[in-house]
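Chemist: Have a look at the structure that comes next, please.
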Amino acid sequence: MTGLNNLLLLLEKQLMHYRKEDFINILSEDFLEYGSSGGIMDKTYLLHQMTEQGIEDCLFTVTDFQAISLADQIVQTRFVTTNRTNGNRQNRSSLWRNENGTWRMFFHQGTPAK
């Protein structure tokens with residue numbers, strides 16, 4: 001699963017640049033996010049928050065990345081992000097599904113790390 005682990009890490013990091021095109025291509029149509037603020041966001045909501053260019057420098061470092069196979073064509077990623085500007089850490093988890101040969105995220109959740 002090393003190749004898939006590397007691919008999913010790359011896709012997770014790609015989303016951290018907040019580019020609209022990446023969100024269109026990587027998020028599944030039924031995507032949901034449970035935010036650390038308690039809000040629930042879908043793909044349409046997030047796309048309205050994005051810009052075409054996104055941000056150049058990612059605000060986060062990623063550590064403790066794991067990809068765990070849950071079922072045929074379903075993988076969970078688990079990792080910690082640290083915000084480079086304020087040091088805040090978040091435990092993050094995403095669910096990925098292989099949709100016709102393309103891995104797409106269909107769920108994400110982040111919670112403050114202790």
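The way I read the labels, and the way they are meant: chains A, B, ... in the order of the structure tokens, residue 1 as the first residue of every chain, and ligand 1 as the first ligand shown, with later ones counted on from there.
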Can you tell me which residues surround Met41 in chain A at a distance of at most 12 Å, considering only C-alpha atoms, apart from same-chain residues fewer than 5 positions away, and format the answer as number ranges by chain?
Modeler: A: 30-36, 46-49, 106-109
Chemist: Counting only C-alpha atoms, what is within 10 Å of Thr81 in chain A, bar same-chain residues fewer than 3 positions away, as a list in words?
Modeler: Leu59, Phe60, Thr61, Val62, Thr63, Asp64, Phe65, Arg84, Gly87, Asn88, Arg89, Gln90, Asn91, Arg92, Gly110, Pro112 and Ala113 of chain A
Chemist: Closest to Thr44 in chain A among A:Glu29, A:Glu12, A:Glu99, A:Asp22, using only C-alpha atoms?
Modeler: A:Glu29
Chemist: Could you please determine the separation between CA of Gln66 in chain A and CA of Asn83 in chain A in Å, to one decimal place?
Modeler: 19.1 Å
Chemist: Using Å and a single decimal, report how far CA of Ser69 in chain A sits from CA of Gly39 in chain A.
Modeler: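 About the pair CA of Gly39 in chain A and CA of Ser69 in chain A: they are 27.1 Å apart.
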Chemist: Using only C-alpha atoms, determine which residues lie at most 9 Å from Asn25 in chain A, disregarding the query and same-chain residues fewer than 4 positions distant; provide the list as a VMD selection string.
Modeler: chain A and resid 20 to 21 104
Chemist: Go ahead and save the picked residues with all heavy atoms, as a tab-separated table (two decimals), in the first residue's frame.
Modeler:
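The resulting file, part-v4.tsv, is shown below:
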```tsv
chain	number	residue	atom	x	y	z
A	20	LYS	N	-9.69	25.95	-6.24
A	20	LYS	CA	-11.01	25.48	-6.64
A	20	LYS	C	-10.94	24.25	-7.54
A	20	LYS	O	-11.67	23.28	-7.35
A	20	LYS	CB	-11.77	26.61	-7.33
A	20	LYS	CG	-13.21	26.25	-7.65
A	20	LYS	CD	-13.96	27.40	-8.26
A	20	LYS	CE	-14.60	28.18	-7.14
A	20	LYS	NZ	-15.54	29.20	-7.61
A	21	GLU	N	-10.04	24.27	-8.52
A	21	GLU	CA	-9.92	23.15	-9.45
A	21	GLU	C	-9.58	21.85	-8.72
A	21	GLU	O	-10.11	20.78	-9.05
A	21	GLU	CB	-8.87	23.44	-10.52
A	21	GLU	CG	-8.75	22.35	-11.54
A	21	GLU	CD	-7.76	22.68	-12.64
A	21	GLU	OE1	-7.32	23.83	-12.76
A	21	GLU	OE2	-7.42	21.75	-13.40
A	104	ARG	N	-11.08	9.60	-4.75
A	104	ARG	CA	-11.76	10.84	-4.37
A	104	ARG	C	-12.12	10.78	-2.89
A	104	ARG	O	-12.55	9.75	-2.37
A	104	ARG	CB	-13.01	11.04	-5.20
A	104	ARG	CG	-12.69	11.33	-6.66
A	104	ARG	CD	-13.78	12.14	-7.34
A	104	ARG	NE	-13.32	12.67	-8.60
A	104	ARG	CZ	-13.25	12.00	-9.74
A	104	ARG	NH1	-13.63	10.75	-9.77
A	104	ARG	NH2	-12.82	12.59	-10.83
```
Chemist: Give the strand (DSSP E) residues of chain A, as DSSP finds them on the backbone, and put them as an mmCIF file with C-alpha atoms, in the first residue's frame.
Modeler:
```cif
data_model
loop_
_atom_site.group_PDB
_atom_site.id
_atom_site.type_symbol
_atom_site.label_atom_id
_atom_site.label_comp_id
_atom_site.auth_asym_id
_atom_site.auth_seq_id
_atom_site.Cartn_x
_atom_site.Cartn_y
_atom_site.Cartn_z
ATOM 1 C CA LEU A 27 -13.678 15.760 -3.734
ATOM 2 C CA SER A 28 -16.464 13.303 -4.435
ATOM 3 C CA GLU A 29 -19.865 14.726 -5.350
ATOM 4 C CA ASP A 30 -21.288 13.470 -2.022
ATOM 5 C CA PHE A 31 -18.404 14.918 0.035
ATOM 6 C CA LEU A 32 -19.050 16.083 3.622
ATOM 7 C CA GLU A 33 -16.709 17.696 6.124
ATOM 8 C CA TYR A 34 -17.245 17.902 9.871
ATOM 9 C CA ILE A 40 -20.898 20.577 8.466
ATOM 10 C CA MET A 41 -19.818 21.545 4.948
ATOM 11 C CA ASP A 42 -20.495 19.919 1.605
ATOM 12 C CA PHE A 60 0.388 23.281 7.281
ATOM 13 C CA THR A 61 2.986 20.637 7.929
ATOM 14 C CA VAL A 62 1.777 17.035 7.949
ATOM 15 C CA THR A 63 3.032 14.384 10.372
ATOM 16 C CA ASP A 64 2.048 10.856 11.425
ATOM 17 C CA PHE A 65 0.383 10.136 8.068
ATOM 18 C CA GLN A 66 -1.239 6.708 7.713
ATOM 19 C CA ALA A 67 -3.477 5.186 5.071
ATOM 20 C CA ILE A 68 -5.576 2.262 6.313
ATOM 21 C CA SER A 69 -7.592 0.031 4.003
ATOM 22 C CA LEU A 70 -11.113 -0.345 5.405
ATOM 23 C CA ALA A 71 -12.738 -2.276 2.569
ATOM 24 C CA ILE A 74 -12.188 2.413 0.616
ATOM 25 C CA VAL A 75 -9.230 3.887 2.527
ATOM 26 C CA GLN A 76 -9.044 6.044 5.626
ATOM 27 C CA THR A 77 -6.189 8.518 6.053
ATOM 28 C CA ARG A 78 -5.168 9.712 9.520
ATOM 29 C CA PHE A 79 -2.656 12.453 10.184
ATOM 30 C CA VAL A 80 -1.773 15.537 12.198
ATOM 31 C CA THR A 81 -1.410 19.026 10.753
ATOM 32 C CA THR A 82 0.455 21.876 12.390
ATOM 33 C CA ASN A 83 -0.362 25.419 11.319
ATOM 34 C CA ARG A 89 -2.339 21.217 15.729
ATOM 35 C CA GLN A 90 -5.280 19.243 14.339
ATOM 36 C CA ASN A 91 -5.945 15.519 14.227
ATOM 37 C CA ARG A 92 -7.386 14.832 10.798
ATOM 38 C CA SER A 93 -9.105 11.905 9.161
ATOM 39 C CA SER A 94 -10.380 11.454 5.615
ATOM 40 C CA LEU A 95 -12.282 8.704 3.848
ATOM 41 C CA TRP A 96 -11.312 7.999 0.250
ATOM 42 C CA ARG A 97 -13.155 5.934 -2.356
ATOM 43 C CA ASN A 98 -11.886 4.675 -5.686
ATOM 44 C CA GLU A 99 -14.431 6.000 -8.204
ATOM 45 C CA THR A 102 -9.751 7.800 -9.473
ATOM 46 C CA TRP A 103 -9.325 8.241 -5.727
ATOM 47 C CA ARG A 104 -11.762 10.839 -4.366
ATOM 48 C CA MET A 105 -12.311 12.043 -0.827
ATOM 49 C CA PHE A 106 -15.897 11.647 0.381
ATOM 50 C CA PHE A 107 -15.510 12.571 4.065
ATOM 51 C CA HIS A 108 -13.124 14.645 6.179
ATOM 52 C CA GLN A 109 -12.990 15.577 9.847
ATOM 53 C CA GLY A 110 -10.556 17.629 11.877
ATOM 54 C CA THR A 111 -10.372 18.098 15.636
ATOM 55 C CA PRO A 112 -7.909 20.042 17.789
#
```
Chemist: Taking the chain letters and numbering used in this document, name the residues of chain A that DSSP puts in alpha helix (DSSP H), as a list in words.
Modeler: Thr2, Gly3, Leu4, Asn5, Asn6, Leu7, Leu8, Leu9, Leu10, Leu11, Glu12, Lys13, Gln14, Leu15, Lys20, Glu21, Asp22, Phe23, Ile24, Asn25, Ile26, Lys43, Thr44, Tyr45, Leu46, Leu47, His48 and Gln49 of chain A
Chemist: Choose the residue, out of A:Leu9, A:Met16, A:Ile26, A:Leu4, that has the smallest atom-to-atom separation from Asp57 in chain A; count only C-alpha atoms.
Modeler: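 Once distances to Asp57 in chain A are computed over only C-alpha atoms, the minimum belongs to A:Met16.
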Chemist: What is the CA of Glu52 in chain A to CA of Gln14 in chain A distance in Å?
Modeler: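 The value is 13.5 Å.
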